[in-house]
Amino acid sequence: MSLLDVQHLTKTFGGLTAVNDVTFQVPERSIISVIGPNGAGKTTFFNLITGIYAPDRGTITLAGQNLVGLRPDQVVSAGIARTFQNIRLFPSMTAEENIMLGRGTRLKTGFWDAVLRNRTFHRDEDNAHETASVLLDFVGLSRWRGELSTNLPYGDQRKLEIARALATTPKLVLLDEPAAGMNPRETEDLKALIRRIRDDLGVTVVLIEHDMRLVMTLSENITVLDYGTKISEGLPHQVRNDPRVMEAYLGRGAAAGEYGKEAGQNA
Ligand SMILES: Nc1ncnc2c1ncn2[C@@H]1O[C@H](COP(=O)(O)OP(=O)(O)OP(=O)(O)O)[C@@H](O)[C@H]1O
């Protein structure tokens, strides 16, 4: 059974159909990417899943639980966390405090067993400092614990956002352009982190990403949106070679170079 099951999702803004009859399924413990040219509807799709917008039509379920009609905080409680395209940390709070803010729901034993593995840990569900510390360690940011988040290097701010999302003990994490603005080394680190989130924590990952090298090497399955419609779906090599996908990117100027060059390099 799919962890996330989206059927015929549609959202219009005035006369514009931003998401058009999209069906999308995410198996548990998978890493899936959603790609498409600028304005294709990717962020709107995430906003529908996370309760920021209500769909005009369609259904969304997580592990069989209906999500349509839930508020964003209720969607988090149901097990979906996300990061945003533009970093949304609290700049005047430390790295640790930012993570503590994300820790909204009760801790789940399986999740923490996975995070902590062989470390000795006296489980204290109210110990937010310990929670933050474990997550800072997991994402490799322990040295920044007491630093204001605004002082962290850009790539580390993105990782901190991911740690904050993980603090909600999600089943599924949605990452909106996690590699945006990262240099190649930071992107490689990010790729390893995303794999560990899935492999070590058992958390399913869906990402929106423009970095085709990352998408093609990390994703098990890729869904392509264009003008709100799903135009392709499949394994990385299938999507890369799909003429509809090339056509969609070529029709949108700047993104075409990005797609053609990066996707081709990983053939
Ligand atoms: N709140 C809104 N009101 C009106 N139109 C919107 C709203 N949100 C998104 N849109 C429109 O919906 C379409 C899809 O936008 P969306 O941001 O989902 O695309 P995207 O694929 O995430 O783009 P990008 O890759 O540039 O981030 C665009 O035409 C956008 O202008």
# chains A, B, ... in the order shown; residues from 1 in each chain; ligands from 1
>>> residues_near_ligand(ligand="ligand 1", cutoff="6 Å", atoms="only C-alpha atoms and all ligand atoms", output="list in words")
Phe13, Ala18, Pro37, Asn38, Gly39, Ala40, Gly41, Lys42, Thr43 and Thr44 of chain A
>>> residues_around(residues="Thr50 of chain A", least_positions_apart="2", cutoff="6 Å", atoms="only C-alpha atoms", output="list in words")
Asn47, Leu48, Ile52, Pro72 and Val75 of chain A
>>> closest_residue(among="A:Ile222, A:Ile31, A:Leu141, A:Met1", to="Lys191 of chain A", atoms="only C-alpha atoms")
A:Ile31
>>> select_by_dssp(residues="segment 174-231 of chain A", states="strand (DSSP E or B)", output="VMD selection string")
chain A and resid 174 to 176 204 to 208 221 to 226 229 to 231
>>> closest_residue(among="A:Ser2, A:Ile49, A:Leu172, A:Gly79", to="Val19 of chain A", atoms="only C-alpha atoms")
A:Ile49
>>> select_by_dssp(residues="segment 59-241 of chain A", states="helix (DSSP H, G or I)", output="ChimeraX atom specification")
/A:72-78,95-102,109-116,128-138,142-144,149-151,154-166,184-199,212-218,236-240
>>> write_last_selection(atoms="C-alpha atoms", output="compact mmCIF listing (two decimals), in the first residue's frame")
# COMPACT_ATOMS: atom_id res chain seq x y z
CA PRO A 72 -1.58 22.41 8.41
CA ASP A 73 -0.83 21.61 12.08
CA GLN A 74 -3.17 18.62 11.89
CA VAL A 75 -1.36 17.40 8.77
CA VAL A 76 1.90 17.61 10.75
CA SER A 77 0.31 15.56 13.54
CA ALA A 78 -0.84 13.03 10.94
CA ALA A 95 20.04 26.46 15.88
CA GLU A 96 18.91 24.44 18.91
CA GLU A 97 15.91 26.68 19.60
CA ASN A 98 14.78 26.44 16.00
CA ILE A 99 14.70 22.65 16.26
CA MET A 100 12.92 22.75 19.61
CA LEU A 101 10.16 24.76 17.97
CA GLY A 102 9.61 21.96 15.49
CA THR A 109 9.58 5.01 19.94
CA GLY A 110 10.48 3.44 16.61
CA PHE A 111 11.71 6.71 15.21
CA TRP A 112 13.95 7.46 18.17
CA ASP A 113 15.24 3.93 18.40
CA ALA A 114 16.38 4.42 14.83
CA VAL A 115 17.97 7.80 15.44
CA LEU A 116 19.74 6.81 18.59
CA ALA A 128 13.57 19.06 24.22
CA HIS A 129 17.23 19.96 24.56
CA GLU A 130 18.23 16.34 24.16
CA THR A 131 15.91 16.00 21.17
CA ALA A 132 17.50 19.00 19.50
CA SER A 133 20.95 17.75 20.31
CA VAL A 134 20.30 14.34 18.74
CA LEU A 135 18.91 15.92 15.60
CA LEU A 136 21.74 18.45 15.33
CA ASP A 137 24.10 15.51 15.50
CA PHE A 138 22.11 13.58 12.89
CA SER A 142 26.30 19.97 16.46
CA ARG A 143 28.96 22.67 16.33
CA TRP A 144 26.28 25.28 15.62
CA SER A 149 20.53 30.42 12.86
CA THR A 150 21.14 33.48 10.72
CA ASN A 151 24.90 33.06 11.25
CA TYR A 154 23.53 28.80 3.74
CA GLY A 155 23.75 25.05 3.19
CA ASP A 156 23.68 24.48 6.93
CA GLN A 157 20.56 26.62 7.30
CA ARG A 158 18.84 24.30 4.85
CA LYS A 159 19.97 21.29 6.88
CA LEU A 160 18.70 22.96 10.04
CA GLU A 161 15.28 23.33 8.42
CA ILE A 162 15.33 19.63 7.67
CA ALA A 163 16.26 18.88 11.30
CA ARG A 164 13.35 21.03 12.46
CA ALA A 165 11.00 19.10 10.18
CA LEU A 166 12.35 15.80 11.54
CA PRO A 184 28.24 21.10 -5.36
CA ARG A 185 29.83 19.93 -2.12
CA GLU A 186 26.85 20.99 -0.04
CA THR A 187 24.58 19.24 -2.54
CA GLU A 188 26.56 16.00 -2.20
CA ASP A 189 26.24 16.25 1.60
CA LEU A 190 22.53 16.87 1.21
CA LYS A 191 22.16 13.79 -0.96
CA ALA A 192 23.82 11.64 1.71
CA LEU A 193 21.61 13.19 4.39
CA ILE A 194 18.42 12.50 2.44
CA ARG A 195 19.48 8.88 2.01
CA ARG A 196 20.13 8.57 5.76
CA ILE A 197 16.73 10.07 6.53
CA ARG A 198 15.18 7.24 4.57
CA ASP A 199 17.61 4.44 5.45
CA MET A 212 18.70 17.50 -12.21
CA ARG A 213 21.96 15.85 -11.26
CA LEU A 214 20.63 15.41 -7.73
CA VAL A 215 17.18 14.33 -8.90
CA MET A 216 18.48 11.74 -11.34
CA THR A 217 20.94 10.15 -8.92
CA LEU A 218 18.79 10.20 -5.78
CA PRO A 236 14.95 8.39 -13.70
CA HIS A 237 16.16 7.02 -17.04
CA GLN A 238 12.58 6.74 -18.33
CA VAL A 239 11.75 10.32 -17.42
CA ARG A 240 15.07 11.62 -18.73
>>> residues_around(residues="Thr204 of chain A", least_positions_apart="2", cutoff="9 Å", atoms="only C-alpha atoms", output="mmCIF file with C-alpha atoms, in the first residue's frame")
data_model
loop_
_atom_site.group_PDB
_atom_site.id
_atom_site.type_symbol
_atom_site.label_atom_id
_atom_site.label_comp_id
_atom_site.auth_asym_id
_atom_site.auth_seq_id
_atom_site.Cartn_x
_atom_site.Cartn_y
_atom_site.Cartn_z
ATOM 1 C CA LEU A 3 2.044 5.693 2.246
ATOM 2 C CA VAL A 26 4.350 7.321 -2.775
ATOM 3 C CA PRO A 27 5.423 3.917 -1.461
ATOM 4 C CA GLU A 28 6.630 3.758 2.113
ATOM 5 C CA ARG A 29 10.399 4.255 2.526
ATOM 6 C CA SER A 30 10.885 5.634 -0.963
ATOM 7 C CA ILE A 31 12.607 8.765 -2.276
ATOM 8 C CA ILE A 32 10.472 10.420 -4.929
ATOM 9 C CA PRO A 170 7.128 12.502 10.514
ATOM 10 C CA LYS A 171 6.320 9.472 8.422
ATOM 11 C CA LEU A 172 6.856 11.567 5.299
ATOM 12 C CA VAL A 173 8.944 14.671 4.742
ATOM 13 C CA LEU A 174 8.368 17.035 1.811
ATOM 14 C CA ILE A 197 16.732 10.068 6.534
ATOM 15 C CA ARG A 198 15.182 7.245 4.569
ATOM 16 C CA LEU A 201 15.027 6.837 10.194
ATOM 17 C CA GLY A 202 12.655 5.024 7.856
ATOM 18 C CA VAL A 206 9.357 13.549 -1.532
#
>>> atom_distance(atom1="atom CA of Glu209 of chain A", atom2="atom CA of Gly140 of chain A")
21.9 Å
>>> atom_distance(atom1="atom CA of Leu62 of chain A", atom2="atom CA of Leu9 of chain A")
14.4 Å
>>> atom_distance(atom1="atom CA of Gln65 of chain A", atom2="atom CA of Pro178 of chain A")
27.0 Å
>>> closest_residue(among="A:Asn183, A:Ala248, A:Thr12, A:Ser232", to="Asp211 of chain A", atoms="only C-alpha atoms")
A:Asn183
